[in-house]
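**Q** Just dropping this structure here.
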Amino acid sequence: MNITIELAGGAELLFGNQRKHEVTLPESDKQWTMATLLPWIRDNLLQERGELFMQGKSVRPGILVLVNDADWELAGELDYVIENKDNIMFISTLHGG
Amino acid sequence: MNITIELAGGAELLFGNQRKHEVTLPESDKQWTMATLLPWIRDNLLQERGELFMQGKSVRPGILVLVNDADWELAGELDYVIENKDNIMFISTLHGG
Amino acid sequence: TNVVPTTLTNPEILRYGRQMIVDGVGLPGQEGLKKSKVLIVGLGALGCPSSHYLAAAGVGTLGLVDDDVVDASNLHRQILHSEKEIGVHKVDSAISRLHAVNQHVSLIPHKVDLNASNALSIIQQYDLVLDCTDNATTRYLINDCCVLLNKVLVSGAALRFEGQVSTYNYKGGPCYRCINPSPPDPETTLNCFEAGVLGPVTGVVGSLQAAEAIKILASDESAYAGKLMLVCPWDGIMKAIKLRPRRKDCVVCGDNPTVTSPIDYVKFCGSGKNKQYSNAS
Amino acid sequence: TNVVPTTLTNPEILRYGRQMIVDGVGLPGQEGLKKSKVLIVGLGALGCPSSHYLAAAGVGTLGLVDDDVVDASNLHRQILHSEKEIGVHKVDSAISRLHAVNQHVSLIPHKVDLNASNALSIIQQYDLVLDCTDNATTRYLINDCCVLLNKVLVSGAALRFEGQVSTYNYKGGPCYRCINPSPPDPETTLNCFEAGVLGPVTGVVGSLQAAEAIKILASDESAYAGKLMLVCPWDGIMKAIKLRPRRKDCVVCGDNPTVTSPIDYVKFCGSGKNKQYSNAS
Ligand SMILES: [Zn+2]
Ligand SMILES: [Zn+2]
């Protein structure tokens, strides 16, 4: 399954300063959900300490997760089942001005 | 087949000032292409004189056509075969400043 | 000559004519702007363009909050201030420029650092608030006060080469805490002092905030409530993201709020407005 | 103290510090800005914010083209000009404000109406051109001259409550005529005089133009070449549209161009700069 991972708002600094990653997820008996995708991203793409990206089973506070340009809360958050060609975006909430 | 028609840049004024139209195209033996869609739009959605929207078989100069957020030229212009859930956008080129 | 009774004078109609003929504004919309009071919190990179366009558009009253003076390093982005205002209080500089742009606007100075003891009394005097600040602590303060006082909040933020804009607490929509229930660890937060920011990116964000304020005040509708507008001019990316609705369990705007007055935001965020945050890595 | 030899003085480094630390700018980028010359055609609603941010960012030389005087009806959007400049030539007003914002920038007046007989000699003095004009006739003129002189063109347009921005003639990318080979019938064209425009929408567009100019001059890369950036703040819509590549049959930038010098643009477009176009319906 192929998905696009996008980063913005500074979150890209955790991923080698690369804002877009085209990813092929390994085959799995179980469906890929956000709950399984997040640790996979942490273990395979993240280039910084894990706790800068995740806290417990979810993303750390300050990171907003989007599925196909919509808030992941609308898609079921961790329960969302990933589909082929999905665009998953992680945006750091900005505070500057 | 269901598609979304979007208008911008003033083109919406030709369509009752409505910027988004959800449209169900009638069943057809032949495939819907941009070449057949344009006259259908002219005859079914347009609320102004036909020549403000079309010139010959295409749109009049000053209107840019997009298929799923990309220039229709990249999709084959009039030859493009419409797919279900496509987003077709007509944008008037702006000159003001 | 006016045939419809209006509070607008002929010079005002001449001045605002080009915006009044835009659908959704019109004479009623322009009158709506004239009787509105907007609070701009922060006269930095976002407050400068937003307050400029709102003054130019004929918003009747602008409240201006800042406690800082103009510095040379501000000038690449804080466009109300020019070289001769270096060392001048930002509120004074803003009032001078905004008055020169539009004498018809009432400009109310608030030369303070907005905090838990003054925020409610300041915000309650206004109809709409623009968050043009630069730190999480103040953003949570402003949000909570807007919810408590039932004020709409048009919030902008910018850093490096991108910006984010949304409208909170609009007709039952989400508030800032609905989207950001927990503040980030200050150890992981960049800010303008460390990370830098491009001037025109802040111009985009501040202008988007002003456009939304005008829409709300002139036409009683919002463009960004429930959406997050993302602009990254450097990468040529722009998106409008659909956000969650109001959270029923939100601690300030939910069905059973536990925040019923301003809290200790410094403690909540783990930091004050000290801009010396450590870098993310 | 500087350890790397640079053309920037210490006051300049202090002033531009917050943008220099943004990835992609840096000291080399700031020096790139300092040696660049940008032509702003039109000191109206787009030229005002774009020239302001470019001056503030430290572009070395700005050329300013306009032949108009400031009018009260401009003030809701043309933010370089204030009330006391009503009746003053827009170039003079702009120079006064831009110099106050940044004394380090060379400001070159061009108090002319850009036309087929002066455009080439003006444009050839600059590295980059911003189209901030308000009519199709001038836009085709500027495009053709930029192609003929191999200059990059950052073009913005705004009307009512939306804007469009793109970069033309960038490293083999499309030109304005590639996207718009035929001008629209003037009978079907709205313009600011008839249709109105919201000030902050022009602020978004002008700021996007400035951001792109900085990127090109500081980092030798473009964000918008081959894209059309669409902003509609009123509807909360923002998109980056992928455009076609350069057309091999384009009459000015194609493989066999037929336009090899400026043509009669008034005749080509069927109208001059007369703003009294009839409405679309
Ligand atoms: Zn809430
Ligand atoms: Zn071309």
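Labeling convention for the structure tokens: chains A, B, ... as they appear, residues from 1 per chain, ligands from 1 in order of appearance.
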Taking only C-alpha atoms and all ligand atoms and a cut-off of 7 Å, can you tell me which residues surround ligand 2, written as a PyMOL selection string?
**A** chain D and resi 174-178+246-247+250-254
**Q** Can you tell me which residues surround Val129 in chain C at a distance of at most 8 Å, considering only C-alpha atoms, apart from same-chain residues fewer than 3 positions away, and format the answer as a ChimeraX atom specification?
**A** /C:38-41,123,126,146,151-154
**Q** Should the cut-off be 9 Å, what would the residue list for chain B against chain D look like, counting only C-alpha atoms, as a PyMOL selection string?
**A** chain B and resi 8-10+13-14+48-49+52+60-64+66+68-74+92-97
**Q** Do a neighbour search on Lys85 in chain B at 10 Å with only C-alpha atoms, toss out local chain neighbours closer than 5 positions, and write the hits as a CSV table (one decimal) with C-alpha atoms, in the first residue's frame.
**A**
```csv
chain,number,residue,atom,x,y,z
B,1,MET,CA,-21.9,9.6,-12.4
B,2,ASN,CA,-21.5,12.3,-9.9
B,3,ILE,CA,-19.1,15.2,-10.3
B,4,THR,CA,-18.5,18.6,-8.7
B,22,GLU,CA,-22.9,19.0,-7.3
B,23,VAL,CA,-24.0,17.4,-10.5
B,24,THR,CA,-25.3,13.9,-11.5
B,68,ASN,CA,-9.0,17.7,-10.0
```
**Q** Counting only C-alpha atoms, which residues from chain D have an atom at most 7 Å from any atom of chain C, and could you show them as a PDB file with N, CA, C and O atoms, in the first residue's frame?
**A**
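File written: iface_33.pdb
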```
ATOM      1  N   LEU D  14      21.711  43.054  11.670  1.00  0.00           N
ATOM      2  CA  LEU D  14      20.770  43.160  12.784  1.00  0.00           C
ATOM      3  C   LEU D  14      19.349  43.281  12.256  1.00  0.00           C
ATOM      4  O   LEU D  14      18.424  42.617  12.728  1.00  0.00           O
ATOM      5  N   ARG D  15      19.168  44.124  11.244  1.00  0.00           N
ATOM      6  CA  ARG D  15      17.827  44.369  10.713  1.00  0.00           C
ATOM      7  C   ARG D  15      17.240  43.122  10.079  1.00  0.00           C
ATOM      8  O   ARG D  15      16.056  42.838  10.229  1.00  0.00           O
ATOM      9  N   TYR D  16      18.032  42.377   9.343  1.00  0.00           N
ATOM     10  CA  TYR D  16      17.501  41.242   8.570  1.00  0.00           C
ATOM     11  C   TYR D  16      17.667  39.910   9.299  1.00  0.00           C
ATOM     12  O   TYR D  16      17.332  38.858   8.752  1.00  0.00           O
ATOM     13  N   GLY D  17      18.157  39.975  10.520  1.00  0.00           N
ATOM     14  CA  GLY D  17      18.499  38.736  11.221  1.00  0.00           C
ATOM     15  C   GLY D  17      17.396  37.704  11.255  1.00  0.00           C
ATOM     16  O   GLY D  17      17.628  36.518  11.024  1.00  0.00           O
ATOM     17  N   ARG D  18      16.165  38.144  11.547  1.00  0.00           N
ATOM     18  CA  ARG D  18      15.059  37.202  11.710  1.00  0.00           C
ATOM     19  C   ARG D  18      14.700  36.487  10.407  1.00  0.00           C
ATOM     20  O   ARG D  18      14.081  35.417  10.415  1.00  0.00           O
ATOM     21  N   GLN D  19      15.014  37.095   9.270  1.00  0.00           N
ATOM     22  CA  GLN D  19      14.738  36.373   8.019  1.00  0.00           C
ATOM     23  C   GLN D  19      15.968  35.601   7.548  1.00  0.00           C
ATOM     24  O   GLN D  19      15.830  34.583   6.864  1.00  0.00           O
ATOM     25  N   ILE D  21      17.876  33.759   9.297  1.00  0.00           N
ATOM     26  CA  ILE D  21      17.999  32.436   9.896  1.00  0.00           C
ATOM     27  C   ILE D  21      16.960  31.459   9.356  1.00  0.00           C
ATOM     28  O   ILE D  21      16.934  30.296   9.751  1.00  0.00           O
ATOM     29  N   VAL D  22      16.118  31.901   8.439  1.00  0.00           N
ATOM     30  CA  VAL D  22      15.173  30.976   7.810  1.00  0.00           C
ATOM     31  C   VAL D  22      15.920  30.140   6.778  1.00  0.00           C
ATOM     32  O   VAL D  22      16.673  30.666   5.962  1.00  0.00           O
ATOM     33  N   TYR D  53       7.159  44.835   1.455  1.00  0.00           N
ATOM     34  CA  TYR D  53       7.891  43.682   1.998  1.00  0.00           C
ATOM     35  C   TYR D  53       9.243  43.492   1.324  1.00  0.00           C
ATOM     36  O   TYR D  53      10.198  43.046   1.950  1.00  0.00           O
ATOM     37  N   ALA D  56      11.493  46.119   2.812  1.00  0.00           N
ATOM     38  CA  ALA D  56      11.768  45.732   4.199  1.00  0.00           C
ATOM     39  C   ALA D  56      12.739  44.557   4.262  1.00  0.00           C
ATOM     40  O   ALA D  56      13.531  44.443   5.196  1.00  0.00           O
ATOM     41  N   ALA D  57      12.700  43.702   3.246  1.00  0.00           N
ATOM     42  CA  ALA D  57      13.554  42.508   3.226  1.00  0.00           C
ATOM     43  C   ALA D  57      14.972  42.814   2.763  1.00  0.00           C
ATOM     44  O   ALA D  57      15.836  41.946   2.830  1.00  0.00           O
ATOM     45  N   ALA D  72      -8.626  59.161  -2.842  1.00  0.00           N
ATOM     46  CA  ALA D  72      -9.208  58.694  -1.567  1.00  0.00           C
ATOM     47  C   ALA D  72      -9.743  57.268  -1.688  1.00  0.00           C
ATOM     48  O   ALA D  72      -9.651  56.482  -0.745  1.00  0.00           O
ATOM     49  N   SER D  73     -10.283  56.938  -2.861  1.00  0.00           N
ATOM     50  CA  SER D  73     -10.866  55.613  -3.027  1.00  0.00           C
ATOM     51  C   SER D  73      -9.807  54.506  -3.090  1.00  0.00           C
ATOM     52  O   SER D  73     -10.143  53.328  -3.137  1.00  0.00           O
ATOM     53  N   LEU D  75      -7.436  54.254  -0.723  1.00  0.00           N
ATOM     54  CA  LEU D  75      -6.837  54.057   0.593  1.00  0.00           C
ATOM     55  C   LEU D  75      -7.265  52.782   1.311  1.00  0.00           C
ATOM     56  O   LEU D  75      -6.537  52.310   2.188  1.00  0.00           O
ATOM     57  N   HIS D  76      -8.399  52.213   0.930  1.00  0.00           N
ATOM     58  CA  HIS D  76      -8.833  50.996   1.637  1.00  0.00           C
ATOM     59  C   HIS D  76      -7.920  49.815   1.288  1.00  0.00           C
ATOM     60  O   HIS D  76      -7.943  48.789   1.967  1.00  0.00           O
ATOM     61  N   ARG D  77      -7.087  49.958   0.248  1.00  0.00           N
ATOM     62  CA  ARG D  77      -6.257  48.828  -0.165  1.00  0.00           C
ATOM     63  C   ARG D  77      -4.813  49.186  -0.522  1.00  0.00           C
ATOM     64  O   ARG D  77      -3.945  48.336  -0.474  1.00  0.00           O
ATOM     65  N   SER D  82      -1.054  57.181   2.470  1.00  0.00           N
ATOM     66  CA  SER D  82      -1.962  57.576   3.546  1.00  0.00           C
ATOM     67  C   SER D  82      -2.738  58.822   3.118  1.00  0.00           C
ATOM     68  O   SER D  82      -2.580  59.312   2.002  1.00  0.00           O
ATOM     69  N   GLU D  83      -3.575  59.323   4.011  1.00  0.00           N
ATOM     70  CA  GLU D  83      -4.459  60.442   3.639  1.00  0.00           C
ATOM     71  C   GLU D  83      -3.688  61.645   3.116  1.00  0.00           C
ATOM     72  O   GLU D  83      -4.145  62.329   2.191  1.00  0.00           O
ATOM     73  N   ALA D 100      11.386  55.533   4.189  1.00  0.00           N
ATOM     74  CA  ALA D 100      11.240  55.596   5.650  1.00  0.00           C
ATOM     75  C   ALA D 100      11.331  54.205   6.271  1.00  0.00           C
ATOM     76  O   ALA D 100      11.799  54.035   7.388  1.00  0.00           O
ATOM     77  N   VAL D 101      10.891  53.215   5.539  1.00  0.00           N
ATOM     78  CA  VAL D 101      10.921  51.839   6.025  1.00  0.00           C
ATOM     79  C   VAL D 101      12.333  51.265   5.967  1.00  0.00           C
ATOM     80  O   VAL D 101      12.762  50.543   6.860  1.00  0.00           O
ATOM     81  N   ASN D 102      13.065  51.599   4.900  1.00  0.00           N
ATOM     82  CA  ASN D 102      14.409  51.039   4.756  1.00  0.00           C
ATOM     83  C   ASN D 102      15.298  51.948   3.925  1.00  0.00           C
ATOM     84  O   ASN D 102      15.259  51.942   2.704  1.00  0.00           O
ATOM     85  N   ARG D 160     -12.612  41.431  -6.555  1.00  0.00           N
ATOM     86  CA  ARG D 160     -13.677  41.083  -5.592  1.00  0.00           C
ATOM     87  C   ARG D 160     -13.032  40.483  -4.340  1.00  0.00           C
ATOM     88  O   ARG D 160     -12.409  41.177  -3.577  1.00  0.00           O
ATOM     89  N   ALA D 195     -16.088  45.967 -10.326  1.00  0.00           N
ATOM     90  CA  ALA D 195     -16.421  44.819  -9.505  1.00  0.00           C
ATOM     91  C   ALA D 195     -16.005  45.003  -8.057  1.00  0.00           C
ATOM     92  O   ALA D 195     -16.448  44.264  -7.206  1.00  0.00           O
ATOM     93  N   GLY D 196     -15.158  45.917  -7.793  1.00  0.00           N
ATOM     94  CA  GLY D 196     -14.692  46.116  -6.430  1.00  0.00           C
ATOM     95  C   GLY D 196     -13.654  45.084  -6.037  1.00  0.00           C
ATOM     96  O   GLY D 196     -13.437  44.082  -6.724  1.00  0.00           O
ATOM     97  N   VAL D 197     -13.014  45.372  -4.912  1.00  0.00           N
ATOM     98  CA  VAL D 197     -12.034  44.415  -4.394  1.00  0.00           C
ATOM     99  C   VAL D 197     -11.850  44.690  -2.902  1.00  0.00           C
ATOM    100  O   VAL D 197     -11.951  45.827  -2.449  1.00  0.00           O
ATOM    101  N   LEU D 198     -11.622  43.618  -2.157  1.00  0.00           N
ATOM    102  CA  LEU D 198     -11.366  43.771  -0.722  1.00  0.00           C
ATOM    103  C   LEU D 198      -9.890  44.019  -0.477  1.00  0.00           C
ATOM    104  O   LEU D 198      -9.043  43.286  -0.994  1.00  0.00           O
ATOM    105  N   GLY D 199      -9.601  45.016   0.329  1.00  0.00           N
ATOM    106  CA  GLY D 199      -8.209  45.370   0.614  1.00  0.00           C
ATOM    107  C   GLY D 199      -7.351  44.189   1.040  1.00  0.00           C
ATOM    108  O   GLY D 199      -6.307  43.923   0.440  1.00  0.00           O
ATOM    109  N   PRO D 200      -7.741  43.449   2.087  1.00  0.00           N
ATOM    110  CA  PRO D 200      -6.869  42.375   2.552  1.00  0.00           C
ATOM    111  C   PRO D 200      -6.633  41.265   1.542  1.00  0.00           C
ATOM    112  O   PRO D 200      -5.612  40.587   1.594  1.00  0.00           O
ATOM    113  N   VAL D 201      -7.550  41.078   0.606  1.00  0.00           N
ATOM    114  CA  VAL D 201      -7.302  40.084  -0.446  1.00  0.00           C
ATOM    115  C   VAL D 201      -6.108  40.528  -1.282  1.00  0.00           C
ATOM    116  O   VAL D 201      -5.245  39.717  -1.642  1.00  0.00           O
ATOM    117  N   GLY D 203      -3.765  42.318  -0.153  1.00  0.00           N
ATOM    118  CA  GLY D 203      -2.624  42.135   0.747  1.00  0.00           C
ATOM    119  C   GLY D 203      -2.090  40.718   0.684  1.00  0.00           C
ATOM    120  O   GLY D 203      -0.877  40.488   0.697  1.00  0.00           O
ATOM    121  N   VAL D 204      -2.986  39.741   0.606  1.00  0.00           N
ATOM    122  CA  VAL D 204      -2.542  38.348   0.475  1.00  0.00           C
ATOM    123  C   VAL D 204      -1.774  38.180  -0.831  1.00  0.00           C
ATOM    124  O   VAL D 204      -0.666  37.633  -0.849  1.00  0.00           O
ATOM    125  N   SER D 207       1.592  40.037  -0.923  1.00  0.00           N
ATOM    126  CA  SER D 207       2.541  39.373  -0.024  1.00  0.00           C
ATOM    127  C   SER D 207       3.046  38.066  -0.631  1.00  0.00           C
ATOM    128  O   SER D 207       4.231  37.737  -0.502  1.00  0.00           O
ATOM    129  N   LEU D 208       2.164  37.324  -1.282  1.00  0.00           N
ATOM    130  CA  LEU D 208       2.609  36.087  -1.947  1.00  0.00           C
ATOM    131  C   LEU D 208       3.623  36.409  -3.043  1.00  0.00           C
ATOM    132  O   LEU D 208       4.612  35.682  -3.221  1.00  0.00           O
ATOM    133  N   ALA D 210       5.675  38.934  -3.089  1.00  0.00           N
ATOM    134  CA  ALA D 210       6.932  39.296  -2.438  1.00  0.00           C
ATOM    135  C   ALA D 210       7.651  38.051  -1.919  1.00  0.00           C
ATOM    136  O   ALA D 210       8.877  37.935  -2.043  1.00  0.00           O
ATOM    137  N   ALA D 211       6.901  37.108  -1.348  1.00  0.00           N
ATOM    138  CA  ALA D 211       7.525  35.885  -0.835  1.00  0.00           C
ATOM    139  C   ALA D 211       8.226  35.126  -1.956  1.00  0.00           C
ATOM    140  O   ALA D 211       9.343  34.625  -1.799  1.00  0.00           O
ATOM    141  N   GLU D 212       7.572  35.041  -3.092  1.00  0.00           N
ATOM    142  CA  GLU D 212       8.155  34.338  -4.235  1.00  0.00           C
ATOM    143  C   GLU D 212       9.391  35.075  -4.745  1.00  0.00           C
ATOM    144  O   GLU D 212      10.404  34.451  -5.071  1.00  0.00           O
ATOM    145  N   LYS D 215      12.219  34.291  -2.486  1.00  0.00           N
ATOM    146  CA  LYS D 215      12.714  32.928  -2.667  1.00  0.00           C
ATOM    147  C   LYS D 215      13.612  32.822  -3.900  1.00  0.00           C
ATOM    148  O   LYS D 215      14.685  32.238  -3.868  1.00  0.00           O
ATOM    149  N   ALA D 223       8.801  28.858  -6.091  1.00  0.00           N
ATOM    150  CA  ALA D 223       7.714  28.081  -5.495  1.00  0.00           C
ATOM    151  C   ALA D 223       6.502  27.998  -6.422  1.00  0.00           C
ATOM    152  O   ALA D 223       5.755  27.024  -6.368  1.00  0.00           O
ATOM    153  N   TYR D 224       6.304  29.034  -7.276  1.00  0.00           N
ATOM    154  CA  TYR D 224       5.042  29.087  -8.032  1.00  0.00           C
ATOM    155  C   TYR D 224       5.194  28.839  -9.530  1.00  0.00           C
ATOM    156  O   TYR D 224       4.181  28.821 -10.239  1.00  0.00           O
ATOM    157  N   PRO D 233     -10.159  34.200   0.148  1.00  0.00           N
ATOM    158  CA  PRO D 233     -10.352  34.295   1.592  1.00  0.00           C
ATOM    159  C   PRO D 233     -11.821  34.369   1.993  1.00  0.00           C
ATOM    160  O   PRO D 233     -12.188  33.871   3.048  1.00  0.00           O
ATOM    161  N   TRP D 234     -12.631  34.941   1.147  1.00  0.00           N
ATOM    162  CA  TRP D 234     -14.043  35.109   1.503  1.00  0.00           C
ATOM    163  C   TRP D 234     -14.750  33.771   1.642  1.00  0.00           C
ATOM    164  O   TRP D 234     -15.678  33.609   2.414  1.00  0.00           O
ATOM    165  N   ASP D 235     -14.349  32.788   0.843  1.00  0.00           N
ATOM    166  CA  ASP D 235     -14.955  31.470   0.905  1.00  0.00           C
ATOM    167  C   ASP D 235     -14.074  30.461   1.626  1.00  0.00           C
ATOM    168  O   ASP D 235     -14.411  29.281   1.666  1.00  0.00           O
ATOM    169  N   GLY D 236     -12.959  30.892   2.134  1.00  0.00           N
ATOM    170  CA  GLY D 236     -12.074  29.964   2.830  1.00  0.00           C
ATOM    171  C   GLY D 236     -11.533  28.881   1.914  1.00  0.00           C
ATOM    172  O   GLY D 236     -11.406  27.725   2.305  1.00  0.00           O
ATOM    173  N   ILE D 237     -11.233  29.279   0.678  1.00  0.00           N
ATOM    174  CA  ILE D 237     -10.692  28.317  -0.285  1.00  0.00           C
ATOM    175  C   ILE D 237      -9.289  28.748  -0.667  1.00  0.00           C
ATOM    176  O   ILE D 237      -9.050  29.909  -0.973  1.00  0.00           O
ATOM    177  N   MET D 238      -8.364  27.799  -0.656  1.00  0.00           N
ATOM    178  CA  MET D 238      -7.011  28.054  -1.121  1.00  0.00           C
ATOM    179  C   MET D 238      -6.513  26.815  -1.832  1.00  0.00           C
ATOM    180  O   MET D 238      -6.660  25.707  -1.304  1.00  0.00           O
ATOM    181  N   LYS D 239      -5.978  26.991  -3.003  1.00  0.00           N
ATOM    182  CA  LYS D 239      -5.484  25.837  -3.759  1.00  0.00           C
ATOM    183  C   LYS D 239      -4.218  26.216  -4.515  1.00  0.00           C
ATOM    184  O   LYS D 239      -4.050  27.358  -4.921  1.00  0.00           O
ATOM    185  N   ALA D 240      -3.384  25.231  -4.720  1.00  0.00           N
ATOM    186  CA  ALA D 240      -2.227  25.389  -5.607  1.00  0.00           C
ATOM    187  C   ALA D 240      -2.494  24.486  -6.795  1.00  0.00           C
ATOM    188  O   ALA D 240      -2.543  23.269  -6.659  1.00  0.00           O
TER     189      ALA D 240
END
```
**Q** Going by DSSP on the backbone, which bits of chain B are strand (DSSP E or B)? Write them as a VMD selection string, please.
**A** chain B and resid 2 to 8 20 to 24 33 54 to 55 58 to 59 63 to 67 70 to 71 81 87 to 92
**Q** Let's have the selection written as a PDB file, in the first residue's frame, with C-alpha atoms.
**A**
```pdb
ATOM      1  CA  ASN B   2     -21.476  12.341  -9.858  1.00  0.00           C
ATOM      2  CA  ILE B   3     -19.116  15.230 -10.327  1.00  0.00           C
ATOM      3  CA  THR B   4     -18.484  18.589  -8.681  1.00  0.00           C
ATOM      4  CA  ILE B   5     -18.399  21.704 -10.803  1.00  0.00           C
ATOM      5  CA  GLU B   6     -16.622  24.692  -9.216  1.00  0.00           C
ATOM      6  CA  LEU B   7     -16.481  28.259 -10.480  1.00  0.00           C
ATOM      7  CA  ALA B   8     -14.103  31.064  -9.521  1.00  0.00           C
ATOM      8  CA  LYS B  20     -20.109  24.952  -6.318  1.00  0.00           C
ATOM      9  CA  HIS B  21     -22.556  22.659  -8.105  1.00  0.00           C
ATOM     10  CA  GLU B  22     -22.948  18.985  -7.285  1.00  0.00           C
ATOM     11  CA  VAL B  23     -24.032  17.366 -10.504  1.00  0.00           C
ATOM     12  CA  THR B  24     -25.269  13.929 -11.520  1.00  0.00           C
ATOM     13  CA  THR B  33     -15.629  13.597 -22.038  1.00  0.00           C
ATOM     14  CA  MET B  54     -18.084  28.645 -24.756  1.00  0.00           C
ATOM     15  CA  GLN B  55     -16.462  29.540 -28.047  1.00  0.00           C
ATOM     16  CA  SER B  58     -14.172  24.851 -26.076  1.00  0.00           C
ATOM     17  CA  VAL B  59     -14.423  27.467 -23.363  1.00  0.00           C
ATOM     18  CA  ILE B  63     -11.539  30.805 -18.767  1.00  0.00           C
ATOM     19  CA  LEU B  64      -9.063  28.246 -17.443  1.00  0.00           C
ATOM     20  CA  VAL B  65     -10.348  24.709 -16.987  1.00  0.00           C
ATOM     21  CA  LEU B  66      -9.076  22.455 -14.205  1.00  0.00           C
ATOM     22  CA  VAL B  67      -9.570  18.763 -13.636  1.00  0.00           C
ATOM     23  CA  ALA B  70      -4.724  20.529 -12.344  1.00  0.00           C
ATOM     24  CA  ASP B  71      -4.735  22.349 -15.685  1.00  0.00           C
ATOM     25  CA  VAL B  81     -12.682  11.127 -20.034  1.00  0.00           C
ATOM     26  CA  ASN B  87     -13.842  17.999  -9.631  1.00  0.00           C
ATOM     27  CA  ILE B  88     -14.068  20.209 -12.709  1.00  0.00           C
ATOM     28  CA  MET B  89     -13.309  23.859 -12.112  1.00  0.00           C
ATOM     29  CA  PHE B  90     -13.754  26.875 -14.384  1.00  0.00           C
ATOM     30  CA  ILE B  91     -11.721  29.912 -13.364  1.00  0.00           C
ATOM     31  CA  SER B  92     -11.853  33.298 -15.028  1.00  0.00           C
TER      32      SER B  92
END
```
**Q** In Å, rounded to a single decimal, give me how far CA of Val105 in chain C is from CA of Asn150 in chain C.
**A**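 If I compute the distance from CA of Asn150 in chain C to CA of Val105 in chain C, I get 24.3 Å.
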**Q** Restricting the calculation to only C-alpha atoms and all ligand atoms: of C:Gly172, C:Pro262, C:Gly270, C:Pro186, which residue gets closest to ligand 1?
**A**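 Among the listed residues, the smallest separation from ligand 1 belongs to C:Gly172.
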**Q** What separation in Å, quoted to one decimal, exists between CA of Trp32 in chain B and CA of Ile82 in chain B?
**A**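 So the answer is 5.6 Å.
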**Q** Between CA of Glu77 in chain B and CA of Tyr265 in chain D, what is the distance, to one decimal in Å?
**A**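 These two atoms are separated by 27.8 Å.
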